[in-house]
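Take a look at the structure set out below.
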Amino acid sequence: MVTASVPRPTSETHGFQPFVSPTQSPAELTVRAVALGAVLGIVFAASSVYLALKIGLTVSASIPIAVLAVAFFRTLGKSTILENNIVQTTGSAGESIAAGIVFTLPAILLLGYDLSIGKVAVVAVVGGILGVLLMIPLRRALIVKEHGRLPYPEGTACAEVLIAGEKGGLQARRLFQAFGIAFTYKFLMAGLRGWKEYPTWTSRTYQGASISAEVSPELMGVGYIIGPRIAGYLFAGGFLAYMVLIPAIKLFGSGLTTPIFAEPKLIGEMSPSEVRSYFVFYIGAGAVATAGIIALVRALPTIVAAFRSGFDDLRRSVGDAAARVRTDVDLPIWVTPVGAVLLVLVLTLLPQLAVNLLGAVLIVIFGFFFVVVSSRITGEIGVSANPISGMTIAALIGTATIFLLIGWTGVDHRVGALTIAAVIAVAAGNAGATSQDLKTGFLVGATPKRQQIAILIGAVTSALAIGWTLTLLNNTYTTIVPERHPGVLIEAAAPGAGDRSATTLGETMQRDGREWEVVRVNLPIQGVQPGKYLLDPTTKEVAYLVDPGIGGRIREINGRPITKLDSPKATIMALVTDGILTRKLPWGLVLIGVCLTIAIEIMGLQSLPIAVGVYLPISTSASMFIGGVIRWLVERKSTSGESLAEVESGPGVLFSSGLIAGGAIAGITIAGIAAMMVGRADAAGVPAAEYLAHVVGLQERLGTVSQSDIVAVVIYAGLGYLLYRVASR
């Protein structure tokens, strides 16, 4: 590998010399660079949506996109380093916008509302553009004047990767190889059911105890990238949930003859996954919410200092009329206020967003504050560690509290509060990514104005892909399951008829040869939890639950596990919104999670990853833990002294990035095929997600091999060994 380093300043900031001199003007904002960046941004945005829905985490895409840019252009013809930088700048918007959307908007599904492609796209576009616009006046203050003080670790590493590519380094073939292997692996396993996706061990003597693993390549890749420490914390939380909390609930609840909360069956009749759905779900949510708030409180001194320093630098830089060289030219300053006003008008004029003038004002106020904070914190700890979810929780708490004080506590106000939080989350996330990209550009000698145009284009193109991906995944994995509540009558009001516990949606659905009325339960009704249901139009009793594919709680049907996407961060947002505006939650369970997080903090451990592990299925954290263990084994035999760029563009990280992208894109491909076959699947009486496997018949031909836990574990171990061998080189 070619060792590269970015140019360093010799004394003052104004003496800094980037890799490409300001007096030179090589090709930069070209059509091919923007087009390639947009395509890669869409791919990584889609994979980030899938990843964030499964585990509540995203991985920075800038370095993999930079590596791919160098590789593509070497194949198509020589490119300049500034063109490669435009590719990664355009493409990096996808990951940050995906995180902001997935951390918030799926909460609307959990409340029983629908989520359209149009709404997701509008929120993503508005938030993404707002983040870039508000970052424009901050660039000189944070990137130029703070050079040498704000390290921007990932932005600096990305600059070193681009410079190494310019000098002939990098081996992108590892990423391509991993993508192909992961895609094939995932498609054979999850699409054609060639082997078991969730090998499981259940104790016969320790009632309620079980351990399973989702043997997916993307989870192994994430575990490798986040490292053994964080992966270990996540698995520890899962172990606590599945080997302590669930068995304890089964032990003390098996003798009960009546439900204690709103569960539809007795604890003694529940499987471990059902105990998790009805009890540990709330414990984990309370733990994660508390851990996020504690992390935010702990970061308050940094946040306050970041805002004060950034605002002071901004004020000093305004009015600087000195002649600007190419590397110091931004979009005109008037673009920020004019663009912000236009975006506010868009938000208030679209009724489906449920954002009024007050909400738009809150978006601008909270948005500007958290854009400043996010941009500066990215300079200190990088974009991957940027606490966007904590900032979003704070913005949501502030918005919901204001709503509460002025009396906006209706069920539909929850959607407005969540939409406001979503725009703020996207703006803060994209501002952090923009800040990182501008730092990379500063080091390599890019033109800020052209980078800002590129990331605006990337924000729009990625936003459209995010809306489609989110709704596709939700629709594909939505299940309709029988749920009966004898004697409980649902009196549903028409939409707009005031705040009622249930609302009729004016729709009907065919099921089992009958026509059912579709209703949304807004508040708990005698054991019927909020969500979408099919109602008997004659008796007014619930017959079926329409369980969303994102955040749904039903994890098995007739003892057979089904695929769901947990979306842990969005669940927390729904919990916070409900807790403030409706004040109807199983607070006993939530407070157990709160106290659990406090105990972890007192022990001096990192509570947030452990709390997330409690919330996530252990099948998810176990697979990431395997990736972390592989990273630990590799690091034991490796030599020290590597730079951050060498680590981030090394064979192990590149191969893991390929595993993540390949596995995630395979999952989306499977969902897309299922969506096209839904009609034929319903006619055959087979779930849409399994219809392709039913047609191909690979599972039937393999027989018991496809259902063997041991076979699945052996195949996954082979993939892990391959990652170890590649990373060890």
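The chains in the structure tokens are called A, B, ... from first to last as shown; in each chain the residues are counted from 1, and the ligands are counted from 1 in the order shown.
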
Excluding same-chain residues fewer than 4 positions from A:Thr104, what lies within 10 Å of it counting only C-alpha atoms, as JSON, numbers by chain? {"A": [99, 100, 108, 389, 392, 393, 396, 418, 419, 420, 421, 422, 423, 424, 425, 426, 567, 568, 569, 570, 571, 572, 573, 574]}

Using all heavy atoms, can you export the residues from the last selection as a short mmCIF file (atom, residue, chain, number, x, y, z; two decimals), in the first residue's frame?
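Okay, this is what ended up in out.cif:
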data_model
loop_
_atom_site.label_atom_id
_atom_site.label_comp_id
_atom_site.auth_asym_id
_atom_site.auth_seq_id
_atom_site.Cartn_x
_atom_site.Cartn_y
_atom_site.Cartn_z
N ALA A 99 -29.73 7.97 7.74
CA ALA A 99 -29.73 7.86 9.20
C ALA A 99 -30.79 8.76 9.81
O ALA A 99 -31.57 8.34 10.67
CB ALA A 99 -28.34 8.22 9.75
N GLY A 100 -30.86 10.02 9.37
CA GLY A 100 -31.83 10.95 9.93
C GLY A 100 -33.26 10.49 9.69
O GLY A 100 -34.12 10.62 10.58
N ILE A 108 -43.76 6.71 12.94
CA ILE A 108 -45.13 6.94 12.50
C ILE A 108 -45.83 5.62 12.22
O ILE A 108 -47.03 5.45 12.49
CB ILE A 108 -45.13 7.86 11.26
CG1 ILE A 108 -44.60 9.24 11.64
CG2 ILE A 108 -46.51 7.97 10.64
CD1 ILE A 108 -44.44 10.19 10.47
N SER A 389 -28.74 10.88 16.99
CA SER A 389 -29.96 10.40 17.65
C SER A 389 -30.20 11.12 18.97
O SER A 389 -31.34 11.44 19.32
CB SER A 389 -29.89 8.89 17.87
OG SER A 389 -28.77 8.54 18.66
N THR A 392 -31.56 14.48 18.18
CA THR A 392 -32.93 14.36 17.72
C THR A 392 -33.88 14.15 18.89
O THR A 392 -34.98 14.72 18.93
CB THR A 392 -33.07 13.19 16.73
OG1 THR A 392 -32.10 13.34 15.69
CG2 THR A 392 -34.45 13.16 16.11
N ILE A 393 -33.48 13.32 19.86
CA ILE A 393 -34.30 13.13 21.05
C ILE A 393 -34.49 14.45 21.78
O ILE A 393 -35.59 14.79 22.22
CB ILE A 393 -33.66 12.08 21.98
CG1 ILE A 393 -33.76 10.68 21.36
CG2 ILE A 393 -34.34 12.09 23.35
CD1 ILE A 393 -33.06 9.60 22.15
N LEU A 396 -36.89 16.52 19.82
CA LEU A 396 -38.24 15.96 19.95
C LEU A 396 -38.83 16.27 21.32
O LEU A 396 -40.02 16.61 21.43
CB LEU A 396 -38.20 14.45 19.71
CG LEU A 396 -39.54 13.72 19.69
CD1 LEU A 396 -40.45 14.30 18.62
CD2 LEU A 396 -39.32 12.23 19.46
N LEU A 418 -43.10 14.29 15.22
CA LEU A 418 -42.12 13.37 14.64
C LEU A 418 -41.59 13.89 13.30
O LEU A 418 -40.41 13.70 12.98
CB LEU A 418 -42.75 11.99 14.46
CG LEU A 418 -42.97 11.20 15.75
CD1 LEU A 418 -43.87 10.00 15.51
CD2 LEU A 418 -41.63 10.74 16.33
N THR A 419 -42.46 14.53 12.52
CA THR A 419 -42.00 15.09 11.25
C THR A 419 -41.00 16.21 11.48
O THR A 419 -39.98 16.31 10.77
CB THR A 419 -43.20 15.62 10.44
OG1 THR A 419 -44.15 14.55 10.25
CG2 THR A 419 -42.76 16.14 9.08
N ILE A 420 -41.28 17.08 12.45
CA ILE A 420 -40.34 18.15 12.79
C ILE A 420 -39.00 17.56 13.21
O ILE A 420 -37.93 18.00 12.75
CB ILE A 420 -40.93 19.03 13.92
CG1 ILE A 420 -42.13 19.81 13.39
CG2 ILE A 420 -39.88 19.98 14.48
CD1 ILE A 420 -42.93 20.49 14.48
N ALA A 421 -39.05 16.54 14.07
CA ALA A 421 -37.80 15.90 14.52
C ALA A 421 -37.06 15.27 13.36
O ALA A 421 -35.81 15.29 13.32
CB ALA A 421 -38.12 14.85 15.59
N ALA A 422 -37.79 14.71 12.39
CA ALA A 422 -37.15 14.06 11.24
C ALA A 422 -36.39 15.07 10.40
O ALA A 422 -35.24 14.83 9.99
CB ALA A 422 -38.20 13.35 10.39
N VAL A 423 -37.00 16.23 10.13
CA VAL A 423 -36.31 17.26 9.33
C VAL A 423 -35.05 17.72 10.06
O VAL A 423 -33.99 17.89 9.45
CB VAL A 423 -37.25 18.44 9.05
CG1 VAL A 423 -36.51 19.54 8.29
CG2 VAL A 423 -38.46 17.99 8.24
N ILE A 424 -35.15 17.92 11.37
CA ILE A 424 -33.99 18.37 12.16
C ILE A 424 -32.90 17.30 12.13
O ILE A 424 -31.70 17.62 11.98
CB ILE A 424 -34.42 18.68 13.60
CG1 ILE A 424 -35.36 19.89 13.61
CG2 ILE A 424 -33.20 18.96 14.48
CD1 ILE A 424 -36.04 20.12 14.94
N ALA A 425 -33.28 16.02 12.28
CA ALA A 425 -32.29 14.94 12.28
C ALA A 425 -31.56 14.86 10.95
O ALA A 425 -30.34 14.71 10.90
CB ALA A 425 -32.98 13.61 12.58
N VAL A 426 -32.31 14.97 9.85
CA VAL A 426 -31.68 14.92 8.52
C VAL A 426 -30.76 16.12 8.32
O VAL A 426 -29.64 15.99 7.81
CB VAL A 426 -32.76 14.88 7.43
CG1 VAL A 426 -32.11 14.99 6.04
CG2 VAL A 426 -33.55 13.59 7.51
N SER A 567 -35.72 -1.23 13.66
CA SER A 567 -35.69 0.23 13.72
C SER A 567 -35.66 0.73 15.16
O SER A 567 -36.58 1.43 15.62
CB SER A 567 -36.90 0.82 12.98
OG SER A 567 -36.77 2.21 12.84
N PRO A 568 -34.62 0.39 15.93
CA PRO A 568 -34.62 0.72 17.37
C PRO A 568 -34.69 2.20 17.67
O PRO A 568 -35.37 2.62 18.62
CB PRO A 568 -33.29 0.11 17.86
CG PRO A 568 -32.47 -0.08 16.63
CD PRO A 568 -33.42 -0.34 15.53
N LYS A 569 -33.99 3.05 16.89
CA LYS A 569 -34.00 4.48 17.20
C LYS A 569 -35.39 5.08 16.99
O LYS A 569 -35.85 5.92 17.77
CB LYS A 569 -32.97 5.21 16.33
CG LYS A 569 -31.53 4.76 16.56
CD LYS A 569 -31.04 5.15 17.93
CE LYS A 569 -29.62 4.65 18.19
NZ LYS A 569 -28.61 5.20 17.29
N ALA A 570 -36.10 4.65 15.92
CA ALA A 570 -37.45 5.17 15.67
C ALA A 570 -38.40 4.74 16.78
O ALA A 570 -39.33 5.49 17.15
CB ALA A 570 -37.96 4.69 14.32
N THR A 571 -38.19 3.55 17.32
CA THR A 571 -39.03 3.10 18.43
C THR A 571 -38.87 4.02 19.63
O THR A 571 -39.85 4.34 20.33
CB THR A 571 -38.65 1.66 18.82
OG1 THR A 571 -38.77 0.83 17.65
CG2 THR A 571 -39.57 1.14 19.90
N ILE A 572 -37.65 4.47 19.87
CA ILE A 572 -37.42 5.39 20.97
C ILE A 572 -38.15 6.71 20.72
O ILE A 572 -38.73 7.31 21.64
CB ILE A 572 -35.91 5.64 21.15
CG1 ILE A 572 -35.16 4.32 21.28
CG2 ILE A 572 -35.65 6.51 22.36
CD1 ILE A 572 -35.72 3.37 22.29
N MET A 573 -38.11 7.18 19.48
CA MET A 573 -38.80 8.44 19.16
C MET A 573 -40.31 8.31 19.40
O MET A 573 -40.94 9.23 19.93
CB MET A 573 -38.54 8.83 17.70
CG MET A 573 -37.07 8.96 17.33
SD MET A 573 -36.15 10.11 18.37
CE MET A 573 -34.46 9.73 17.88
N ALA A 574 -40.88 7.17 19.02
CA ALA A 574 -42.31 6.95 19.27
C ALA A 574 -42.59 6.90 20.77
O ALA A 574 -43.60 7.44 21.25
CB ALA A 574 -42.75 5.64 18.61
#

Give the helix (DSSP H, G or I) residues of stretch 26-114 of chain A, as DSSP finds them on the backbone, and put them as a PyMOL selection string. chain A and resi 31-55+62-76+81-102+106-110

Which one of A:Tyr691, A:Phe279, A:Tyr224, A:Trp334 sits closest to A:Met624 if you count only C-alpha atoms?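 For A:Met624, the nearest of the given residues is A:Tyr224.
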
Would you mind listing what lies within 7 Å of stretch 444-448 of chain A as a ChimeraX atom specification, with only C-alpha atoms counted and same-chain residues fewer than 4 positions away left out? /A:18-22,82,159,326-330,438,440,452

Write a file of the selected residues as an mmCIF file, in the first residue's frame, keeping N, CA, C and O atoms.
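Result saved to part-v6.cif:
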data_model
loop_
_atom_site.group_PDB
_atom_site.id
_atom_site.type_symbol
_atom_site.label_atom_id
_atom_site.label_comp_id
_atom_site.auth_asym_id
_atom_site.auth_seq_id
_atom_site.Cartn_x
_atom_site.Cartn_y
_atom_site.Cartn_z
ATOM 1 N N PRO A 18 -2.699 23.204 0.118
ATOM 2 C CA PRO A 18 -3.365 21.927 -0.156
ATOM 3 C C PRO A 18 -2.619 21.123 -1.200
ATOM 4 O O PRO A 18 -1.658 21.603 -1.817
ATOM 5 N N PHE A 19 -3.080 19.898 -1.433
ATOM 6 C CA PHE A 19 -2.427 19.008 -2.391
ATOM 7 C C PHE A 19 -2.471 19.604 -3.797
ATOM 8 O O PHE A 19 -1.484 19.543 -4.530
ATOM 9 N N VAL A 20 -3.618 20.154 -4.192
ATOM 10 C CA VAL A 20 -3.749 20.840 -5.474
ATOM 11 C C VAL A 20 -3.703 22.338 -5.219
ATOM 12 O O VAL A 20 -4.490 22.863 -4.436
ATOM 13 N N SER A 21 -2.794 23.027 -5.840
ATOM 14 C CA SER A 21 -2.611 24.450 -5.588
ATOM 15 C C SER A 21 -3.849 25.254 -5.988
ATOM 16 O O SER A 21 -4.521 24.934 -6.983
ATOM 17 N N PRO A 22 -4.179 26.319 -5.230
ATOM 18 C CA PRO A 22 -5.312 27.184 -5.601
ATOM 19 C C PRO A 22 -5.144 27.824 -6.972
ATOM 20 O O PRO A 22 -6.129 28.229 -7.593
ATOM 21 N N LEU A 82 -9.593 15.897 -7.828
ATOM 22 C CA LEU A 82 -10.754 16.715 -7.489
ATOM 23 C C LEU A 82 -12.040 16.095 -8.021
ATOM 24 O O LEU A 82 -13.108 16.239 -7.405
ATOM 25 N N ALA A 159 -9.152 12.251 2.802
ATOM 26 C CA ALA A 159 -8.200 13.003 1.986
ATOM 27 C C ALA A 159 -6.948 12.177 1.717
ATOM 28 O O ALA A 159 -6.416 12.162 0.595
ATOM 29 N N ARG A 326 -9.608 30.375 -5.568
ATOM 30 C CA ARG A 326 -10.531 29.309 -5.947
ATOM 31 C C ARG A 326 -10.912 28.424 -4.774
ATOM 32 O O ARG A 326 -12.077 28.019 -4.625
ATOM 33 N N THR A 327 -9.966 28.083 -3.911
ATOM 34 C CA THR A 327 -10.216 27.167 -2.802
ATOM 35 C C THR A 327 -10.926 27.835 -1.634
ATOM 36 O O THR A 327 -11.086 27.215 -0.582
ATOM 37 N N ASP A 328 -11.354 29.087 -1.805
ATOM 38 C CA ASP A 328 -12.041 29.792 -0.723
ATOM 39 C C ASP A 328 -13.334 30.441 -1.221
ATOM 40 O O ASP A 328 -13.806 31.421 -0.651
ATOM 41 N N VAL A 329 -13.925 29.885 -2.269
ATOM 42 C CA VAL A 329 -15.150 30.442 -2.847
ATOM 43 C C VAL A 329 -16.331 29.549 -2.490
ATOM 44 O O VAL A 329 -16.367 28.377 -2.855
ATOM 45 N N ASP A 330 -17.296 30.113 -1.753
ATOM 46 C CA ASP A 330 -18.511 29.394 -1.379
ATOM 47 C C ASP A 330 -19.674 29.842 -2.251
ATOM 48 O O ASP A 330 -19.576 30.825 -3.005
ATOM 49 N N LEU A 438 -16.211 18.978 3.276
ATOM 50 C CA LEU A 438 -15.523 20.240 3.022
ATOM 51 C C LEU A 438 -14.115 20.229 3.610
ATOM 52 O O LEU A 438 -13.208 20.869 3.069
ATOM 53 N N THR A 440 -12.261 17.454 3.784
ATOM 54 C CA THR A 440 -11.510 16.676 2.808
ATOM 55 C C THR A 440 -11.140 17.548 1.615
ATOM 56 O O THR A 440 -10.000 17.532 1.137
ATOM 57 N N GLN A 452 -20.312 22.126 -2.506
ATOM 58 C CA GLN A 452 -21.649 22.399 -1.973
ATOM 59 C C GLN A 452 -22.727 22.096 -3.001
ATOM 60 O O GLN A 452 -23.786 21.551 -2.669
#
